[in-house]
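Engineer: Just so it is clear, I am handing over target27.cif, which has mmCIF, C-alpha atoms; chains and numbers go by the auth columns.
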```cif
data_upload
loop_
_atom_site.group_PDB
_atom_site.id
_atom_site.type_symbol
_atom_site.label_atom_id
_atom_site.label_comp_id
_atom_site.label_asym_id
_atom_site.label_seq_id
_atom_site.Cartn_x
_atom_site.Cartn_y
_atom_site.Cartn_z
_atom_site.B_iso_or_equiv
_atom_site.auth_seq_id
_atom_site.auth_asym_id
ATOM 1 C CA MET A 1 61.893 59.728 30.949 0.00 1 A
ATOM 2 C CA HIS A 2 61.259 58.519 34.490 0.00 2 A
ATOM 3 C CA PHE A 3 58.372 56.426 33.148 0.00 3 A
ATOM 4 C CA PHE A 4 58.564 53.933 35.991 0.00 4 A
ATOM 5 C CA GLY A 5 58.097 54.896 39.590 0.00 5 A
ATOM 6 C CA GLN A 6 55.665 54.768 42.459 0.00 6 A
ATOM 7 C CA ASP A 7 52.618 55.611 40.318 0.00 7 A
ATOM 8 C CA ALA A 8 53.156 52.552 38.086 0.00 8 A
ATOM 9 C CA VAL A 9 52.998 50.004 40.944 0.00 9 A
ATOM 10 C CA ASP A 10 49.315 49.088 40.680 0.00 10 A
ATOM 11 C CA ARG A 11 48.865 49.436 36.922 0.00 11 A
ATOM 12 C CA ASP A 12 47.770 46.612 34.654 0.00 12 A
ATOM 13 C CA PRO A 13 50.963 45.020 33.255 0.00 13 A
ATOM 14 C CA ALA A 14 49.623 44.826 29.678 0.00 14 A
ATOM 15 C CA GLU A 15 48.578 48.495 29.772 0.00 15 A
ATOM 16 C CA LEU A 16 51.954 49.437 31.250 0.00 16 A
ATOM 17 C CA ALA A 17 53.790 47.534 28.489 0.00 17 A
ATOM 18 C CA ARG A 18 51.698 49.140 25.718 0.00 18 A
ATOM 19 C CA GLU A 19 52.157 52.653 27.060 0.00 19 A
ATOM 20 C CA TYR A 20 55.892 52.189 27.585 0.00 20 A
ATOM 21 C CA ALA A 21 56.385 50.793 24.059 0.00 21 A
ATOM 22 C CA LEU A 22 54.741 53.916 22.590 0.00 22 A
ATOM 23 C CA HIS A 23 57.766 55.924 23.732 0.00 23 A
ATOM 24 C CA PHE A 24 60.121 53.881 21.545 0.00 24 A
ATOM 25 C CA PRO A 25 58.930 53.813 17.934 0.00 25 A
ATOM 26 C CA ARG A 26 61.495 52.063 15.748 0.00 26 A
ATOM 27 C CA PRO A 27 61.689 50.207 12.455 0.00 27 A
ATOM 28 C CA PRO A 28 61.426 46.411 12.539 0.00 28 A
ATOM 29 C CA GLY A 29 64.693 44.954 13.772 0.00 29 A
ATOM 30 C CA GLY A 30 65.751 48.268 15.314 0.00 30 A
ATOM 31 C CA ILE A 31 66.356 48.884 18.970 0.00 31 A
ATOM 32 C CA ALA A 32 65.577 51.853 21.165 0.00 32 A
ATOM 33 C CA GLY A 33 65.808 52.652 24.812 0.00 33 A
ATOM 34 C CA GLU A 34 66.374 55.183 27.497 0.00 34 A
ATOM 35 C CA TRP A 35 69.069 56.074 30.004 0.00 35 A
ATOM 36 C CA THR A 36 67.608 57.015 33.358 0.00 36 A
ATOM 37 C CA PRO A 37 69.869 56.886 36.453 0.00 37 A
ATOM 38 C CA TYR A 38 66.822 56.957 38.755 0.00 38 A
ATOM 39 C CA TYR A 39 65.917 53.437 37.654 0.00 39 A
ATOM 40 C CA MET A 40 68.795 52.051 39.695 0.00 40 A
ATOM 41 C CA GLN A 41 67.402 53.570 42.886 0.00 41 A
ATOM 42 C CA GLY A 42 63.665 53.091 42.476 0.00 42 A
ATOM 43 C CA ARG A 43 62.532 50.215 44.680 0.00 43 A
ATOM 44 C CA ASN A 44 59.808 48.973 42.318 0.00 44 A
ATOM 45 C CA VAL A 45 61.358 49.875 38.988 0.00 45 A
ATOM 46 C CA ALA A 46 62.945 46.481 38.257 0.00 46 A
ATOM 47 C CA GLN A 47 59.593 44.708 38.716 0.00 47 A
ATOM 48 C CA GLN A 48 57.746 47.323 36.660 0.00 48 A
ATOM 49 C CA LEU A 49 60.316 47.169 33.887 0.00 49 A
ATOM 50 C CA ARG A 50 60.158 43.377 33.867 0.00 50 A
ATOM 51 C CA LEU A 51 56.369 43.536 33.396 0.00 51 A
ATOM 52 C CA ALA A 52 56.519 46.200 30.687 0.00 52 A
ATOM 53 C CA ALA A 53 59.633 45.040 28.832 0.00 53 A
ATOM 54 C CA PRO A 54 60.603 41.505 29.859 0.00 54 A
ATOM 55 C CA ASP A 55 63.279 41.255 27.156 0.00 55 A
ATOM 56 C CA ALA A 56 64.913 44.575 28.050 0.00 56 A
ATOM 57 C CA ARG A 57 68.679 44.772 28.097 0.00 57 A
ATOM 58 C CA ILE A 58 69.715 46.597 31.262 0.00 58 A
ATOM 59 C CA LEU A 59 72.837 48.767 31.340 0.00 59 A
ATOM 60 C CA ALA A 60 74.305 50.023 34.599 0.00 60 A
ATOM 61 C CA LEU A 61 77.232 52.436 34.679 0.00 61 A
ATOM 62 C CA LEU A 62 79.072 52.469 37.997 0.00 62 A
ATOM 63 C CA ARG A 63 81.957 54.525 39.269 0.00 63 A
ATOM 64 C CA ASP A 64 83.847 54.642 42.533 0.00 64 A
ATOM 65 C CA PRO A 65 80.935 55.439 44.867 0.00 65 A
ATOM 66 C CA VAL A 66 82.929 57.987 46.866 0.00 66 A
ATOM 67 C CA ASP A 67 83.903 59.839 43.694 0.00 67 A
ATOM 68 C CA ARG A 68 80.308 59.603 42.467 0.00 68 A
ATOM 69 C CA PHE A 69 79.117 61.019 45.782 0.00 69 A
ATOM 70 C CA ARG A 70 81.588 63.904 45.510 0.00 70 A
ATOM 71 C CA SER A 71 80.298 64.742 42.053 0.00 71 A
ATOM 72 C CA GLY A 72 76.636 64.615 43.123 0.00 72 A
ATOM 73 C CA ALA A 73 77.110 66.374 46.442 0.00 73 A
ATOM 74 C CA PHE A 74 78.917 69.348 44.928 0.00 74 A
ATOM 75 C CA ARG A 75 76.317 69.661 42.199 0.00 75 A
ATOM 76 C CA ARG A 76 73.358 69.579 44.600 0.00 76 A
ATOM 77 C CA PRO A 77 74.479 69.989 48.233 0.00 77 A
ATOM 78 C CA ASP A 78 70.842 69.966 49.333 0.00 78 A
ATOM 79 C CA LYS A 79 70.532 66.408 47.986 0.00 79 A
ATOM 80 C CA SER A 80 73.460 64.744 49.802 0.00 80 A
ATOM 81 C CA GLU A 81 71.251 61.957 51.233 0.00 81 A
ATOM 82 C CA ASN A 82 70.202 61.066 47.694 0.00 82 A
ATOM 83 C CA ALA A 83 73.843 61.241 46.612 0.00 83 A
ATOM 84 C CA ILE A 84 74.706 58.669 49.290 0.00 84 A
ATOM 85 C CA ARG A 85 71.906 56.276 48.212 0.00 85 A
ATOM 86 C CA ARG A 86 72.986 56.406 44.588 0.00 86 A
ATOM 87 C CA GLY A 87 76.230 54.616 45.488 0.00 87 A
ATOM 88 C CA LEU A 88 74.535 51.551 47.007 0.00 88 A
ATOM 89 C CA TYR A 89 75.219 49.554 43.856 0.00 89 A
ATOM 90 C CA ALA A 90 74.994 45.992 45.196 0.00 90 A
ATOM 91 C CA THR A 91 71.595 46.641 46.763 0.00 91 A
ATOM 92 C CA GLN A 92 70.331 48.217 43.549 0.00 92 A
ATOM 93 C CA LEU A 93 71.665 45.533 41.205 0.00 93 A
ATOM 94 C CA ALA A 94 70.341 42.771 43.472 0.00 94 A
ATOM 95 C CA ARG A 95 66.809 44.088 42.815 0.00 95 A
ATOM 96 C CA TYR A 96 67.363 43.597 39.093 0.00 96 A
ATOM 97 C CA LEU A 97 68.851 40.131 39.582 0.00 97 A
ATOM 98 C CA GLU A 98 65.697 39.138 41.452 0.00 98 A
ATOM 99 C CA VAL A 99 63.553 39.692 38.354 0.00 99 A
ATOM 100 C CA PHE A 100 65.877 39.615 35.312 0.00 100 A
ATOM 101 C CA PRO A 101 68.273 36.892 34.202 0.00 101 A
ATOM 102 C CA ARG A 102 71.914 37.931 34.657 0.00 102 A
ATOM 103 C CA GLU A 103 72.505 37.793 30.890 0.00 103 A
ATOM 104 C CA GLN A 104 70.126 40.757 30.479 0.00 104 A
ATOM 105 C CA LEU A 105 72.319 42.984 32.661 0.00 105 A
ATOM 106 C CA LEU A 106 75.574 44.616 31.617 0.00 106 A
ATOM 107 C CA VAL A 107 77.500 46.457 34.285 0.00 107 A
ATOM 108 C CA LEU A 108 79.916 49.014 32.900 0.00 108 A
ATOM 109 C CA GLN A 109 82.545 50.777 34.931 0.00 109 A
ATOM 110 C CA TYR A 110 83.035 54.511 34.419 0.00 110 A
ATOM 111 C CA GLU A 111 86.775 54.247 34.972 0.00 111 A
ATOM 112 C CA ARG A 112 87.076 51.492 32.328 0.00 112 A
ATOM 113 C CA CYS A 113 85.058 53.588 29.903 0.00 113 A
ATOM 114 C CA LEU A 114 87.568 56.405 30.355 0.00 114 A
ATOM 115 C CA GLN A 115 90.537 54.046 30.147 0.00 115 A
ATOM 116 C CA ASP A 116 89.462 52.102 27.039 0.00 116 A
ATOM 117 C CA PRO A 117 86.361 53.671 25.514 0.00 117 A
ATOM 118 C CA ALA A 118 86.539 51.706 22.247 0.00 118 A
ATOM 119 C CA ARG A 119 86.572 48.357 24.057 0.00 119 A
ATOM 120 C CA GLU A 120 83.695 49.319 26.358 0.00 120 A
ATOM 121 C CA LEU A 121 81.636 50.700 23.474 0.00 121 A
ATOM 122 C CA ALA A 122 82.143 47.489 21.480 0.00 122 A
ATOM 123 C CA ARG A 123 81.210 45.451 24.567 0.00 123 A
ATOM 124 C CA THR A 124 78.052 47.517 24.997 0.00 124 A
ATOM 125 C CA PHE A 125 77.052 47.223 21.340 0.00 125 A
ATOM 126 C CA LYS A 126 77.614 43.454 21.406 0.00 126 A
ATOM 127 C CA PHE A 127 75.434 43.192 24.525 0.00 127 A
ATOM 128 C CA LEU A 128 72.691 45.202 22.810 0.00 128 A
ATOM 129 C CA GLY A 129 72.862 43.022 19.711 0.00 129 A
ATOM 130 C CA VAL A 130 74.144 45.695 17.360 0.00 130 A
ATOM 131 C CA ASP A 131 77.331 45.749 15.294 0.00 131 A
ATOM 132 C CA PRO A 132 80.181 45.882 17.847 0.00 132 A
ATOM 133 C CA ASP A 133 82.504 47.304 15.165 0.00 133 A
ATOM 134 C CA PHE A 134 80.348 50.381 14.587 0.00 134 A
ATOM 135 C CA VAL A 135 82.017 53.597 15.731 0.00 135 A
ATOM 136 C CA PRO A 136 79.847 56.754 15.849 0.00 136 A
ATOM 137 C CA LYS A 137 81.271 59.866 14.184 0.00 137 A
ATOM 138 C CA THR A 138 81.193 61.719 17.498 0.00 138 A
ATOM 139 C CA PHE A 139 83.065 58.958 19.338 0.00 139 A
ATOM 140 C CA GLU A 140 86.473 60.670 19.323 0.00 140 A
ATOM 141 C CA ARG A 141 85.081 63.883 20.768 0.00 141 A
ATOM 142 C CA PRO A 142 86.284 64.256 24.381 0.00 142 A
ATOM 143 C CA GLY A 143 83.564 63.854 26.970 0.00 143 A
ATOM 144 C CA ALA A 144 82.609 66.394 29.566 0.00 144 A
ATOM 145 C CA ARG A 145 84.609 66.483 32.750 0.00 145 A
ATOM 146 C CA SER A 146 82.929 65.040 35.768 0.00 146 A
ATOM 147 C CA PHE A 147 81.222 67.706 37.865 0.00 147 A
ATOM 148 C CA GLY A 148 83.145 68.254 41.080 0.00 148 A
ATOM 149 C CA ALA A 149 86.339 66.717 39.653 0.00 149 A
ATOM 150 C CA ASP A 150 88.281 69.712 40.921 0.00 150 A
ATOM 151 C CA LYS A 151 86.671 69.502 44.392 0.00 151 A
ATOM 152 C CA THR A 152 88.061 67.583 47.349 0.00 152 A
ATOM 153 C CA LEU A 153 86.059 66.007 50.128 0.00 153 A
ATOM 154 C CA PRO A 154 87.268 66.721 53.647 0.00 154 A
ATOM 155 C CA PRO A 155 89.327 63.688 54.810 0.00 155 A
ATOM 156 C CA ASP A 156 86.882 62.792 57.602 0.00 156 A
ATOM 157 C CA VAL A 157 83.933 62.804 55.155 0.00 157 A
ATOM 158 C CA ARG A 158 85.857 60.667 52.676 0.00 158 A
ATOM 159 C CA GLU A 159 86.778 58.171 55.417 0.00 159 A
ATOM 160 C CA ARG A 160 83.167 57.934 56.594 0.00 160 A
ATOM 161 C CA LEU A 161 81.989 57.318 53.036 0.00 161 A
ATOM 162 C CA VAL A 162 84.594 54.621 52.471 0.00 162 A
ATOM 163 C CA ARG A 163 83.430 52.859 55.654 0.00 163 A
ATOM 164 C CA LEU A 164 79.787 53.265 54.621 0.00 164 A
ATOM 165 C CA TYR A 165 80.278 51.935 51.087 0.00 165 A
ATOM 166 C CA GLU A 166 82.809 49.176 51.800 0.00 166 A
ATOM 167 C CA PRO A 167 80.181 46.476 52.584 0.00 167 A
ATOM 168 C CA GLU A 168 78.302 47.416 49.390 0.00 168 A
ATOM 169 C CA VAL A 169 81.478 47.267 47.321 0.00 169 A
ATOM 170 C CA ARG A 170 82.319 43.844 48.805 0.00 170 A
ATOM 171 C CA ARG A 171 78.794 42.618 47.962 0.00 171 A
ATOM 172 C CA LEU A 172 79.134 44.038 44.458 0.00 172 A
ATOM 173 C CA ALA A 173 82.306 41.993 43.972 0.00 173 A
ATOM 174 C CA GLU A 174 80.449 38.898 45.207 0.00 174 A
ATOM 175 C CA LEU A 175 77.689 39.443 42.635 0.00 175 A
ATOM 176 C CA GLY A 176 80.288 38.617 39.994 0.00 176 A
ATOM 177 C CA PHE A 177 79.916 41.533 37.611 0.00 177 A
ATOM 178 C CA GLU A 178 82.984 42.658 35.684 0.00 178 A
ATOM 179 C CA VAL A 179 84.080 45.463 38.005 0.00 179 A
ATOM 180 C CA ASP A 180 87.799 46.043 38.538 0.00 180 A
ATOM 181 C CA LEU A 181 88.060 47.380 42.094 0.00 181 A
ATOM 182 C CA SER A 182 91.691 48.302 41.531 0.00 182 A
ATOM 183 C CA LEU A 183 90.363 51.172 39.384 0.00 183 A
ATOM 184 C CA TRP A 184 88.421 52.582 42.316 0.00 184 A
ATOM 185 C CA ARG A 185 91.030 54.504 44.278 0.00 185 A
ATOM 186 C CA ASN A 186 88.905 54.453 47.437 0.00 186 A
ATOM 187 C CA PHE A 187 88.484 50.659 47.322 0.00 187 A
ATOM 188 C CA ALA A 188 91.574 49.412 45.487 0.00 188 A
ATOM 189 C CA GLN A 189 92.622 47.591 48.650 0.00 189 A
ATOM 190 C CA LEU A 190 89.632 45.261 48.141 0.00 190 A
ATOM 191 C CA ALA A 191 90.805 44.132 44.676 0.00 191 A
ATOM 192 C CA ALA A 192 91.436 40.380 44.560 0.00 192 A
#
```
Output the file's structure in the form of C-alpha cells.
Structural biologist:
Amino acid sequence: MHFFGQDAVDRDPAELAREYALHFPRPPGGIAGEWTPYYMQGRNVAQQLRLAAPDARILALLRDPVDRFRSGAFRRPDKSENAIRRGLYATQLARYLEVFPREQLLVLQYERCLQDPARELARTFKFLGVDPDFVPKTFERPGARSFGADKTLPPDVRERLVRLYEPEVRRLAELGFEVDLSLWRNFAQLAA
C-alpha cells in the first residue's frame, strides 16, 4: 500500500490512525495487515506506524544481503543504489526498536523459510496470535524462484558488497534476533 512515507510526517496521529484502519476492515477478533518492503527503508515509517497502529505486529523477512542485492540489481539495474540500501538490515531494524517493543517484531530469515517452511509458518502464525497449526491449502505449492538466482555477480562486486555489509551483519547479530548467519553463504564466517 505504501500508506506511510514522507507525506504522513506532519499529519495528526489520530487522523492517521483512523485513515490507516479504514484499509483493514475485518470481523471482530480478526486480524489484517499489509506486506510492504519499503517500510523497512523509510526513515519515518516506524514512528508513523507506531502512531497509527501502536499494537501492530511487525514482520521483517531478511535474506543474505549480497544475494538480495543480486536479485534486486538484476531486476532493476537502474536502481542499484536502492538495492544496496535495502540490505542495511541492522540500521532499519534499529529504527523499529526505537519505537516498538522487541516483542512486537518478528525477524524471519528467507533461507530458514526455504529450509523449513512449516516451522517458520507456525512461528509466524503464533507471533500473529492465530492458530499455529493452521496450514493453508496452497502451502505445499512451490514458491517462485528468486529473480536473478541464475545470475552471478562479478567477484570484485561481490567482495565489495561483503565488505560493505559486514558491519551491518555484525550489528544485526548484536541486536539478538533469531538470524542464523551460517545460512548466509557470504557471511557464514561470522556465525558464532
Engineer: What does the distance from atom CA of Phe100 of chain A to atom CA of Arg50 of chain A come to in Å, to one decimal?
Structural biologist: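 Atom CA of Phe100 of chain A sits 7.0 Å away from atom CA of Arg50 of chain A.
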Engineer: Under the rule that all atoms listed in the file are counted, which of A:Ala17, A:Ala53, A:Ala192, A:Ala83 is the nearest residue to Pro65 of chain A?
Structural biologist: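 Nearest to Pro65 of chain A: A:Ala83.
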Engineer: I need the residue nearest Ile31 of chain A from this list: A:Leu114, A:Leu190, A:Val130, A:Ala60. Use all atoms listed in the file for the distance.
Structural biologist: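 Looking at the shortest contact to Ile31 of chain A, the residue is A:Val130.
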Engineer: Evaluate the PyMOL selection byres ((chain A and resi 46) around 12) here and jot the selected residues down as an NGL selection string.
Structural biologist: :A and (4-6 or 8-9 or 38-45 or 47-54 or 56-58 or 92-101 or 105)
Engineer: Taking all atoms listed in the file into account, which of A:Val135, A:Gly30, A:Leu183, A:Arg163 comes nearest Cys113 of chain A?
Structural biologist: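 Closest to Cys113 of chain A, using all atoms listed in the file: A:Leu183.
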Engineer: Taking the file as shown, find all residues satisfying the PyMOL selection byres ((chain A and resi 127) around 12) and write them as a list of chain:residue names.
Structural biologist: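 For this structure, the PyMOL selection byres ((chain A and resi 127) around 12) captures A:Ala56, A:Arg57, A:Ile58, A:Leu59, A:Arg102, A:Glu103, A:Gln104, A:Leu105, A:Leu106, A:Val107, A:Leu108, A:Glu120, A:Leu121, A:Ala122, A:Arg123, A:Thr124, A:Phe125, A:Lys126, A:Leu128, A:Gly129, A:Val130, A:Asp131, A:Pro132.
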Engineer: Quick one, how far is atom CA of Phe134 of chain A from atom CA of Pro117 of chain A?
Structural biologist: 12.9 Å
Engineer: For Arg86 of chain A, which residue among A:Pro155, A:Gly72, A:Gly176, A:Gly33 is the nearest when counting all atoms listed in the file?
Structural biologist: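 Checking each candidate against Arg86 of chain A, we get A:Gly72 as the closest.
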Engineer: For the file shown, what are the residues hit by the PyMOL selection byres ((chain A and resi 191) around 10), laid out as a PyMOL selection string?
Structural biologist: chain A and resi 170+173+179-184+187-190+192
Engineer: Quick one: of A:Phe139, A:Tyr165, A:Tyr20, A:Phe3, who's nearest to Asp67 of chain A, counting only C-alpha atoms?
Structural biologist: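 Using only C-alpha atoms, the shortest distance to Asp67 of chain A belongs to A:Tyr165.
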Engineer: What is the atom CA of Val169 of chain A-atom CA of Thr152 of chain A distance in Å, reported with one decimal?
Structural biologist: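 Atom CA of Thr152 of chain A lies 21.4 Å from atom CA of Val169 of chain A.
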Engineer: Considering only C-alpha atoms, can you say which of A:Ala14, A:Thr91, A:Gly29, A:Glu34 comes closest to Leu175 of chain A?
Structural biologist: A:Thr91
Engineer: Please fill the gaps in segment 18-36 of chain A so it has N, CA, C and O atoms, and write that as a PDB file, in the frame of the given file.
Structural biologist:
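Final output, selection-v8.pdb:
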```pdb
ATOM      1  N   ARG A  18      52.129  48.407  26.922  1.00  0.00           N
ATOM      2  CA  ARG A  18      51.698  49.140  25.718  1.00  0.00           C
ATOM      3  C   ARG A  18      52.108  50.603  25.790  1.00  0.00           C
ATOM      4  O   ARG A  18      52.638  51.164  24.837  1.00  0.00           O
ATOM      5  N   GLU A  19      51.845  51.235  26.915  1.00  0.00           N
ATOM      6  CA  GLU A  19      52.157  52.653  27.060  1.00  0.00           C
ATOM      7  C   GLU A  19      53.667  52.899  26.976  1.00  0.00           C
ATOM      8  O   GLU A  19      54.118  53.840  26.340  1.00  0.00           O
ATOM      9  N   TYR A  20      54.433  52.031  27.615  1.00  0.00           N
ATOM     10  CA  TYR A  20      55.892  52.189  27.585  1.00  0.00           C
ATOM     11  C   TYR A  20      56.421  52.041  26.158  1.00  0.00           C
ATOM     12  O   TYR A  20      57.253  52.825  25.704  1.00  0.00           O
ATOM     13  N   ALA A  21      55.921  51.047  25.429  1.00  0.00           N
ATOM     14  CA  ALA A  21      56.385  50.793  24.059  1.00  0.00           C
ATOM     15  C   ALA A  21      56.103  51.979  23.138  1.00  0.00           C
ATOM     16  O   ALA A  21      56.855  52.218  22.184  1.00  0.00           O
ATOM     17  N   LEU A  22      55.057  52.747  23.417  1.00  0.00           N
ATOM     18  CA  LEU A  22      54.741  53.916  22.590  1.00  0.00           C
ATOM     19  C   LEU A  22      55.864  54.957  22.602  1.00  0.00           C
ATOM     20  O   LEU A  22      55.986  55.752  21.672  1.00  0.00           O
ATOM     21  N   HIS A  23      56.674  54.953  23.627  1.00  0.00           N
ATOM     22  CA  HIS A  23      57.766  55.924  23.732  1.00  0.00           C
ATOM     23  C   HIS A  23      58.973  55.550  22.875  1.00  0.00           C
ATOM     24  O   HIS A  23      59.916  56.336  22.771  1.00  0.00           O
ATOM     25  N   PHE A  24      58.947  54.353  22.268  1.00  0.00           N
ATOM     26  CA  PHE A  24      60.121  53.881  21.545  1.00  0.00           C
ATOM     27  C   PHE A  24      59.776  53.380  20.146  1.00  0.00           C
ATOM     28  O   PHE A  24      60.022  52.225  19.812  1.00  0.00           O
ATOM     29  N   PRO A  25      59.214  54.261  19.301  1.00  0.00           N
ATOM     30  CA  PRO A  25      58.930  53.813  17.934  1.00  0.00           C
ATOM     31  C   PRO A  25      60.264  53.517  17.221  1.00  0.00           C
ATOM     32  O   PRO A  25      61.250  54.223  17.415  1.00  0.00           O
ATOM     33  N   ARG A  26      60.279  52.434  16.465  1.00  0.00           N
ATOM     34  CA  ARG A  26      61.495  52.063  15.748  1.00  0.00           C
ATOM     35  C   ARG A  26      61.125  51.149  14.590  1.00  0.00           C
ATOM     36  O   ARG A  26      60.112  50.464  14.635  1.00  0.00           O
ATOM     37  N   PRO A  27      61.968  51.116  13.581  1.00  0.00           N
ATOM     38  CA  PRO A  27      61.689  50.207  12.455  1.00  0.00           C
ATOM     39  C   PRO A  27      61.873  48.760  12.901  1.00  0.00           C
ATOM     40  O   PRO A  27      62.571  48.493  13.882  1.00  0.00           O
ATOM     41  N   PRO A  28      61.250  47.825  12.193  1.00  0.00           N
ATOM     42  CA  PRO A  28      61.426  46.411  12.539  1.00  0.00           C
ATOM     43  C   PRO A  28      62.917  46.060  12.582  1.00  0.00           C
ATOM     44  O   PRO A  28      63.688  46.460  11.716  1.00  0.00           O
ATOM     45  N   GLY A  29      63.293  45.351  13.612  1.00  0.00           N
ATOM     46  CA  GLY A  29      64.693  44.954  13.772  1.00  0.00           C
ATOM     47  C   GLY A  29      65.548  46.003  14.456  1.00  0.00           C
ATOM     48  O   GLY A  29      66.698  45.741  14.797  1.00  0.00           O
ATOM     49  N   GLY A  30      65.000  47.209  14.648  1.00  0.00           N
ATOM     50  CA  GLY A  30      65.751  48.268  15.314  1.00  0.00           C
ATOM     51  C   GLY A  30      65.617  48.158  16.820  1.00  0.00           C
ATOM     52  O   GLY A  30      64.760  47.434  17.331  1.00  0.00           O
ATOM     53  N   ILE A  31      66.475  48.846  17.523  1.00  0.00           N
ATOM     54  CA  ILE A  31      66.356  48.884  18.970  1.00  0.00           C
ATOM     55  C   ILE A  31      66.264  50.336  19.427  1.00  0.00           C
ATOM     56  O   ILE A  31      66.681  51.247  18.713  1.00  0.00           O
ATOM     57  N   ALA A  32      65.703  50.522  20.582  1.00  0.00           N
ATOM     58  CA  ALA A  32      65.577  51.853  21.165  1.00  0.00           C
ATOM     59  C   ALA A  32      65.550  51.685  22.668  1.00  0.00           C
ATOM     60  O   ALA A  32      65.277  50.598  23.186  1.00  0.00           O
ATOM     61  N   GLY A  33      65.838  52.740  23.367  1.00  0.00           N
ATOM     62  CA  GLY A  33      65.808  52.652  24.812  1.00  0.00           C
ATOM     63  C   GLY A  33      65.980  54.005  25.453  1.00  0.00           C
ATOM     64  O   GLY A  33      65.907  55.031  24.793  1.00  0.00           O
ATOM     65  N   GLU A  34      66.200  53.955  26.731  1.00  0.00           N
ATOM     66  CA  GLU A  34      66.374  55.183  27.497  1.00  0.00           C
ATOM     67  C   GLU A  34      67.499  54.987  28.501  1.00  0.00           C
ATOM     68  O   GLU A  34      67.890  53.866  28.804  1.00  0.00           O
ATOM     69  N   TRP A  35      68.002  56.087  29.001  1.00  0.00           N
ATOM     70  CA  TRP A  35      69.069  56.074  30.004  1.00  0.00           C
ATOM     71  C   TRP A  35      68.569  56.933  31.150  1.00  0.00           C
ATOM     72  O   TRP A  35      68.469  58.144  31.025  1.00  0.00           O
ATOM     73  N   THR A  36      68.205  56.297  32.237  1.00  0.00           N
ATOM     74  CA  THR A  36      67.608  57.015  33.358  1.00  0.00           C
ATOM     75  C   THR A  36      68.259  56.550  34.659  1.00  0.00           C
ATOM     76  O   THR A  36      67.931  55.476  35.160  1.00  0.00           O
TER      77      THR A  36
END
```
